Amino acid sequence: MNNLQLSININPNIVLYKDRYYLVISNILGYQNNPAYALFVLINDKVMQDDNDMQIFLHSLQGSDLGEISNIIAEGIDEEFILGTDYFVSYSLWNYLMTYDNDTKFKLLSSKVNDYRYPDYLDAQYNRINTEVYGDIQDTNIRYFYLYNKIQDFEFTKEELNNFASTFCNIILEETTLTNITDTTNLIYKYVLEFYANKGKDNTSVILDLIFSNTSLLSYNSPANSCCTVNSSTAGNSGSNGTNTSNILSQQSSIDTTTCKEKYEQAMFLYLIQMLSDPDFYCDWFYVYSDLDSNISQPNLPMIDKLKKLFEQFKELGYTLSWDKITTKCGCKTNSSSLLDKINKVSADNYTILDNYYKVLEYAENKEICNNKNKIKVYGTAFANILPYMYFV
């Protein structure tokens, strides 16, 4: 049994306290004692690891006298499971241990009480108290809350921020719980996310570029020593039906100069706009649905919070968000103050677009998608129009 399995088996409460999720293990001194004597175990890497430090810690509390229990809580386990870092004590447990024996090691830690003492979650009659500071969680998916806690201390690298568009799409692809995609729309959205996650390239665009940038290979001017050589007077550059291939290509060019690769890229861009302005996209990709009832869902807070952090940390870089070349009427570049003002105005407008799309993330976070469909349409469309440009070297 690993730490996670133990955590599931003891069926603890899960609470949100100051932007972190904790396992609340009540009756730490036994069911015959006050349930307010509790430990708050931070759902972190140590809860998820396969080692048994957490198990050793909890088992060592069983059958020990109060003096030993006080010392165990104060010392932790081999400096790996540590008071004030990995676990915390309720006020009632702290008060009980402090008044029990003045000679315990726990007493020596009283100067740092604010680092490890939390308000009680239950009272002596098992009633929830301090509800203004604790968010009560009904879900028991410990791994989900572990991911959320992990994101709270997450920092993007400079490269990830500079490749904002790629990072944005990668977060959605990596953190979404939507894996069994059966409908056409979401399948297209998946390809769109992958396309922009890879900086506007995918296998299809590479193949199209390879094929249509080498049209000279369609010529039938075979080498003289080839077994496929034909009489130039009768065939020339003709295909098997006698039609001149180069003439076909030139006729097509005169009709439409847009390459297949460019058309593909344009289609991906239009789908990007559709995707980011589609409320159903957020319902499908930004929510976690119950395995037991598909009608029950909750926001994918780890993913949404990571996206919000991307926006927040990117804005701190203070980049100019203007990609248009602004010139004078005669086409000459200039650094005049009036044109710099225009650049700054464009940049400010684009920052407003980022701020508005941040609201879309909050709509998803707060289950307000249905009430803000029109805003999502507007904000998502505007954001999609600048997202492909958001790469900075």
# chains A, B, ... in the order shown; residues from 1 in each chain; ligands from 1

call {"tool": "residues_around", "arguments": {"residues": "Lys158 of chain A", "least_positions_apart": "3", "cutoff": "12 Å", "atoms": "only C-alpha atoms", "output": "number ranges by chain"}}
result
A: 155, 161-164, 167, 310, 313-314, 316-317, 391-393

call {"tool": "residues_around", "arguments": {"residues": "segment 132-134 of chain A", "least_positions_apart": "4", "cutoff": "7 Å", "atoms": "only C-alpha atoms", "output": "PyMOL selection string"}}
result
chain A and resi 15-17

call {"tool": "write_last_selection", "arguments": {"atoms": "C-alpha atoms", "output": "PDB file, in the first residue's frame"}}
result
ATOM      1  CA  VAL A  15     -10.790  21.084   2.519  1.00  0.00           C
ATOM      2  CA  LEU A  16      -9.607  24.200   0.739  1.00  0.00           C
ATOM      3  CA  TYR A  17      -7.645  26.560   2.970  1.00  0.00           C
TER       4      TYR A  17
END

call {"tool": "atom_distance", "arguments": {"atom1": "atom CA of Leu210 of chain A", "atom2": "atom CA of Glu265 of chain A"}}
result
14.6 Å

call {"tool": "atom_distance", "arguments": {"atom1": "atom CA of Ser347 of chain A", "atom2": "atom CA of Leu301 of chain A"}}
result
29.7 Å

call {"tool": "atom_distance", "arguments": {"atom1": "atom CA of Leu122 of chain A", "atom2": "atom CA of Asn34 of chain A"}}
result
9.1 Å

call {"tool": "closest_residue", "arguments": {"among": "A:Ile137, A:Leu147, A:Ile188, A:Ile142", "to": "Pro302 of chain A", "atoms": "only C-alpha atoms"}}
result
A:Leu147

call {"tool": "closest_residue", "arguments": {"among": "A:Ile73, A:Ile343, A:Asn27, A:Tyr191", "to": "Asn203 of chain A", "atoms": "only C-alpha atoms"}}
result
A:Tyr191

call {"tool": "residues_around", "arguments": {"residues": "Lys261 of chain A", "least_positions_apart": "2", "cutoff": "7 Å", "atoms": "only C-alpha atoms", "output": "PyMOL selection string"}}
result
chain A and resi 205+208-209+259+263-265

call {"tool": "write_last_selection", "arguments": {"atoms": "C-alpha atoms", "output": "short mmCIF file (atom, residue, chain, number, x, y, z; two decimals), in the first residue's frame"}}
result
data_model
loop_
_atom_site.label_atom_id
_atom_site.label_comp_id
_atom_site.auth_asym_id
_atom_site.auth_seq_id
_atom_site.Cartn_x
_atom_site.Cartn_y
_atom_site.Cartn_z
CA SER A 205 1.10 21.23 -43.56
CA LEU A 208 1.49 19.95 -48.48
CA ASP A 209 4.52 22.21 -48.46
CA THR A 259 -1.28 27.29 -52.42
CA LYS A 263 -5.50 27.28 -47.78
CA TYR A 264 -4.92 24.70 -45.08
CA GLU A 265 -3.40 27.31 -42.79
#

call {"tool": "residues_around", "arguments": {"residues": "Asn180 of chain A", "least_positions_apart": "4", "cutoff": "12 Å", "atoms": "only C-alpha atoms", "output": "list in words"}}
result
Thr176, Thr184, Asn186, Leu187, Lys190, Asp284 and Trp285 of chain A

call {"tool": "closest_residue", "arguments": {"among": "A:Leu58, A:Leu178, A:Phe145, A:Leu23", "to": "Ile72 of chain A", "atoms": "only C-alpha atoms"}}
result
A:Leu58

call {"tool": "residues_around", "arguments": {"residues": "Val89 of chain A", "least_positions_apart": "5", "cutoff": "10 Å", "atoms": "only C-alpha atoms", "output": "compact mmCIF listing (two decimals) with C-alpha atoms, in the first residue's frame"}}
result
# COMPACT_ATOMS: atom_id res chain seq x y z
CA VAL A 24 -8.18 16.50 7.30
CA ILE A 25 -7.48 13.50 9.52
CA ILE A 28 -5.83 11.67 15.52
CA ALA A 36 -11.24 18.45 16.76
CA TYR A 37 -7.80 16.91 17.46
CA ALA A 38 -6.87 16.83 13.79
CA LEU A 39 -4.00 16.90 11.34
CA PHE A 40 -4.11 18.80 8.05
CA VAL A 41 -1.98 16.97 5.48
CA ILE A 73 4.43 15.35 15.51
CA LEU A 83 5.52 19.80 10.53
CA GLY A 84 4.69 23.16 8.98
CA TRP A 94 -2.02 22.10 19.55
CA ASN A 95 -3.63 23.41 22.73
CA VAL A 113 2.98 28.44 16.04
CA ASP A 115 3.54 28.29 10.71
CA TYR A 116 1.84 25.05 11.65
CA ARG A 117 -1.40 25.71 13.61
CA TYR A 118 -4.71 25.88 11.72
CA PRO A 119 -8.24 26.69 12.93
CA ASP A 120 -10.37 23.72 13.93

call {"tool": "closest_atom_pairs", "arguments": {"of": "segment 250-320 of chain A", "to": "segment 352-362 of chain A", "cutoff": "12 Å", "atoms": "only C-alpha atoms", "output": "CSV"}}
result
residue,atom,partner,partner_atom,distance
A:Leu276,CA,A:Tyr357,CA,9.4
A:Ser277,CA,A:Val360,CA,9.6
A:Asp278,CA,A:Val360,CA,11.0
A:Pro279,CA,A:Val360,CA,9.5
A:Phe281,CA,A:Val360,CA,11.6
A:Tyr282,CA,A:Leu361,CA,8.8
A:Cys283,CA,A:Leu361,CA,11.4
A:Trp285,CA,A:Leu361,CA,11.8
A:Phe286,CA,A:Leu361,CA,9.0
A:Tyr287,CA,A:Leu361,CA,11.5
A:Pro299,CA,A:Glu362,CA,10.1
A:Asn300,CA,A:Leu361,CA,10.7
A:Leu301,CA,A:Leu361,CA,10.0
A:Pro302,CA,A:Leu361,CA,11.9
A:Met303,CA,A:Leu361,CA,9.9
A:Ile304,CA,A:Leu361,CA,6.4
A:Asp305,CA,A:Leu361,CA,8.5
A:Lys306,CA,A:Leu361,CA,10.3
A:Leu307,CA,A:Leu361,CA,7.8
A:Lys308,CA,A:Tyr358,CA,6.8
A:Lys309,CA,A:Tyr358,CA,10.0
A:Leu310,CA,A:Tyr358,CA,10.1
A:Phe311,CA,A:Tyr358,CA,7.4
A:Glu312,CA,A:Tyr358,CA,9.2
A:Phe314,CA,A:Leu354,CA,10.2
A:Lys315,CA,A:Leu354,CA,9.0

call {"tool": "write_last_selection", "arguments": {"atoms": "N, CA and C atoms", "output": "PDB file, in the first residue's frame"}}
result
ATOM      1  N   LEU A 276     -12.322  29.048 -30.161  1.00  0.00           N
ATOM      2  CA  LEU A 276     -12.174  29.900 -28.987  1.00  0.00           C
ATOM      3  C   LEU A 276     -13.410  30.760 -28.720  1.00  0.00           C
ATOM      4  N   SER A 277     -14.311  30.844 -29.692  1.00  0.00           N
ATOM      5  CA  SER A 277     -15.558  31.601 -29.488  1.00  0.00           C
ATOM      6  C   SER A 277     -16.764  30.678 -29.289  1.00  0.00           C
ATOM      7  N   ASP A 278     -16.494  29.384 -29.177  1.00  0.00           N
ATOM      8  CA  ASP A 278     -17.553  28.379 -29.052  1.00  0.00           C
ATOM      9  C   ASP A 278     -17.742  27.985 -27.584  1.00  0.00           C
ATOM     10  N   PRO A 279     -18.865  28.316 -26.962  1.00  0.00           N
ATOM     11  CA  PRO A 279     -19.088  27.941 -25.552  1.00  0.00           C
ATOM     12  C   PRO A 279     -18.970  26.440 -25.320  1.00  0.00           C
ATOM     13  N   PHE A 281     -16.934  24.418 -26.637  1.00  0.00           N
ATOM     14  CA  PHE A 281     -15.521  24.062 -26.512  1.00  0.00           C
ATOM     15  C   PHE A 281     -15.102  24.086 -25.054  1.00  0.00           C
ATOM     16  N   TYR A 282     -15.527  25.091 -24.314  1.00  0.00           N
ATOM     17  CA  TYR A 282     -15.154  25.211 -22.906  1.00  0.00           C
ATOM     18  C   TYR A 282     -15.879  24.184 -22.048  1.00  0.00           C
ATOM     19  N   CYS A 283     -17.129  23.899 -22.414  1.00  0.00           N
ATOM     20  CA  CYS A 283     -17.875  22.876 -21.672  1.00  0.00           C
ATOM     21  C   CYS A 283     -17.217  21.503 -21.817  1.00  0.00           C
ATOM     22  N   TRP A 285     -13.846  20.810 -23.053  1.00  0.00           N
ATOM     23  CA  TRP A 285     -12.404  20.733 -22.826  1.00  0.00           C
ATOM     24  C   TRP A 285     -11.972  21.273 -21.471  1.00  0.00           C
ATOM     25  N   PHE A 286     -12.801  22.102 -20.829  1.00  0.00           N
ATOM     26  CA  PHE A 286     -12.412  22.767 -19.588  1.00  0.00           C
ATOM     27  C   PHE A 286     -13.127  22.201 -18.365  1.00  0.00           C
ATOM     28  N   TYR A 287     -13.865  21.119 -18.540  1.00  0.00           N
ATOM     29  CA  TYR A 287     -14.614  20.558 -17.421  1.00  0.00           C
ATOM     30  C   TYR A 287     -14.268  19.088 -17.213  1.00  0.00           C
ATOM     31  N   PRO A 299     -15.551  22.389 -12.994  1.00  0.00           N
ATOM     32  CA  PRO A 299     -14.467  22.995 -13.766  1.00  0.00           C
ATOM     33  C   PRO A 299     -13.139  22.282 -13.521  1.00  0.00           C
ATOM     34  N   ASN A 300     -12.358  22.172 -14.561  1.00  0.00           N
ATOM     35  CA  ASN A 300     -11.021  21.606 -14.444  1.00  0.00           C
ATOM     36  C   ASN A 300     -10.107  22.704 -13.886  1.00  0.00           C
ATOM     37  N   LEU A 301     -10.169  22.879 -12.575  1.00  0.00           N
ATOM     38  CA  LEU A 301      -9.456  23.989 -11.931  1.00  0.00           C
ATOM     39  C   LEU A 301      -7.942  23.947 -12.146  1.00  0.00           C
ATOM     40  N   PRO A 302      -7.311  22.781 -12.107  1.00  0.00           N
ATOM     41  CA  PRO A 302      -5.863  22.785 -12.377  1.00  0.00           C
ATOM     42  C   PRO A 302      -5.519  23.363 -13.747  1.00  0.00           C
ATOM     43  N   MET A 303      -6.272  22.989 -14.761  1.00  0.00           N
ATOM     44  CA  MET A 303      -5.991  23.495 -16.103  1.00  0.00           C
ATOM     45  C   MET A 303      -6.304  24.985 -16.210  1.00  0.00           C
ATOM     46  N   ILE A 304      -7.461  25.391 -15.715  1.00  0.00           N
ATOM     47  CA  ILE A 304      -7.866  26.795 -15.806  1.00  0.00           C
ATOM     48  C   ILE A 304      -6.890  27.675 -15.031  1.00  0.00           C
ATOM     49  N   ASP A 305      -6.502  27.224 -13.861  1.00  0.00           N
ATOM     50  CA  ASP A 305      -5.586  28.025 -13.052  1.00  0.00           C
ATOM     51  C   ASP A 305      -4.219  28.141 -13.730  1.00  0.00           C
ATOM     52  N   LYS A 306      -3.791  27.088 -14.399  1.00  0.00           N
ATOM     53  CA  LYS A 306      -2.507  27.135 -15.111  1.00  0.00           C
ATOM     54  C   LYS A 306      -2.579  28.113 -16.279  1.00  0.00           C
ATOM     55  N   LEU A 307      -3.702  28.126 -16.981  1.00  0.00           N
ATOM     56  CA  LEU A 307      -3.887  29.081 -18.080  1.00  0.00           C
ATOM     57  C   LEU A 307      -3.901  30.509 -17.553  1.00  0.00           C
ATOM     58  N   LYS A 308      -4.560  30.716 -16.429  1.00  0.00           N
ATOM     59  CA  LYS A 308      -4.595  32.060 -15.841  1.00  0.00           C
ATOM     60  C   LYS A 308      -3.190  32.517 -15.443  1.00  0.00           C
ATOM     61  N   LYS A 309      -2.412  31.603 -14.907  1.00  0.00           N
ATOM     62  CA  LYS A 309      -1.034  31.938 -14.549  1.00  0.00           C
ATOM     63  C   LYS A 309      -0.221  32.305 -15.788  1.00  0.00           C
ATOM     64  N   LEU A 310      -0.485  31.614 -16.895  1.00  0.00           N
ATOM     65  CA  LEU A 310       0.210  31.934 -18.142  1.00  0.00           C
ATOM     66  C   LEU A 310      -0.042  33.382 -18.532  1.00  0.00           C
ATOM     67  N   PHE A 311      -1.294  33.806 -18.476  1.00  0.00           N
ATOM     68  CA  PHE A 311      -1.640  35.190 -18.807  1.00  0.00           C
ATOM     69  C   PHE A 311      -0.982  36.162 -17.818  1.00  0.00           C
ATOM     70  N   GLU A 312      -1.060  35.846 -16.542  1.00  0.00           N
ATOM     71  CA  GLU A 312      -0.540  36.750 -15.514  1.00  0.00           C
ATOM     72  C   GLU A 312       0.978  36.915 -15.628  1.00  0.00           C
ATOM     73  N   PHE A 314       2.853  36.197 -18.264  1.00  0.00           N
ATOM     74  CA  PHE A 314       3.221  36.781 -19.550  1.00  0.00           C
ATOM     75  C   PHE A 314       3.105  38.307 -19.503  1.00  0.00           C
ATOM     76  N   LYS A 315       2.044  38.813 -18.905  1.00  0.00           N
ATOM     77  CA  LYS A 315       1.840  40.262 -18.851  1.00  0.00           C
ATOM     78  C   LYS A 315       2.957  40.958 -18.082  1.00  0.00           C
TER      79      LYS A 315
END

call {"tool": "select_by_dssp", "arguments": {"residues": "segment 21-116 of chain A", "states": "helix (DSSP H, G or I)", "output": "ChimeraX atom specification"}}
result
/A:45-48,53-60,66-75,91-100,105-108,110-116

call {"tool": "closest_residue", "arguments": {"among": "A:Phe154, A:Leu61, A:Ile56, A:Asn33", "to": "Tyr96 of chain A", "atoms": "only C-alpha atoms"}}
result
A:Asn33
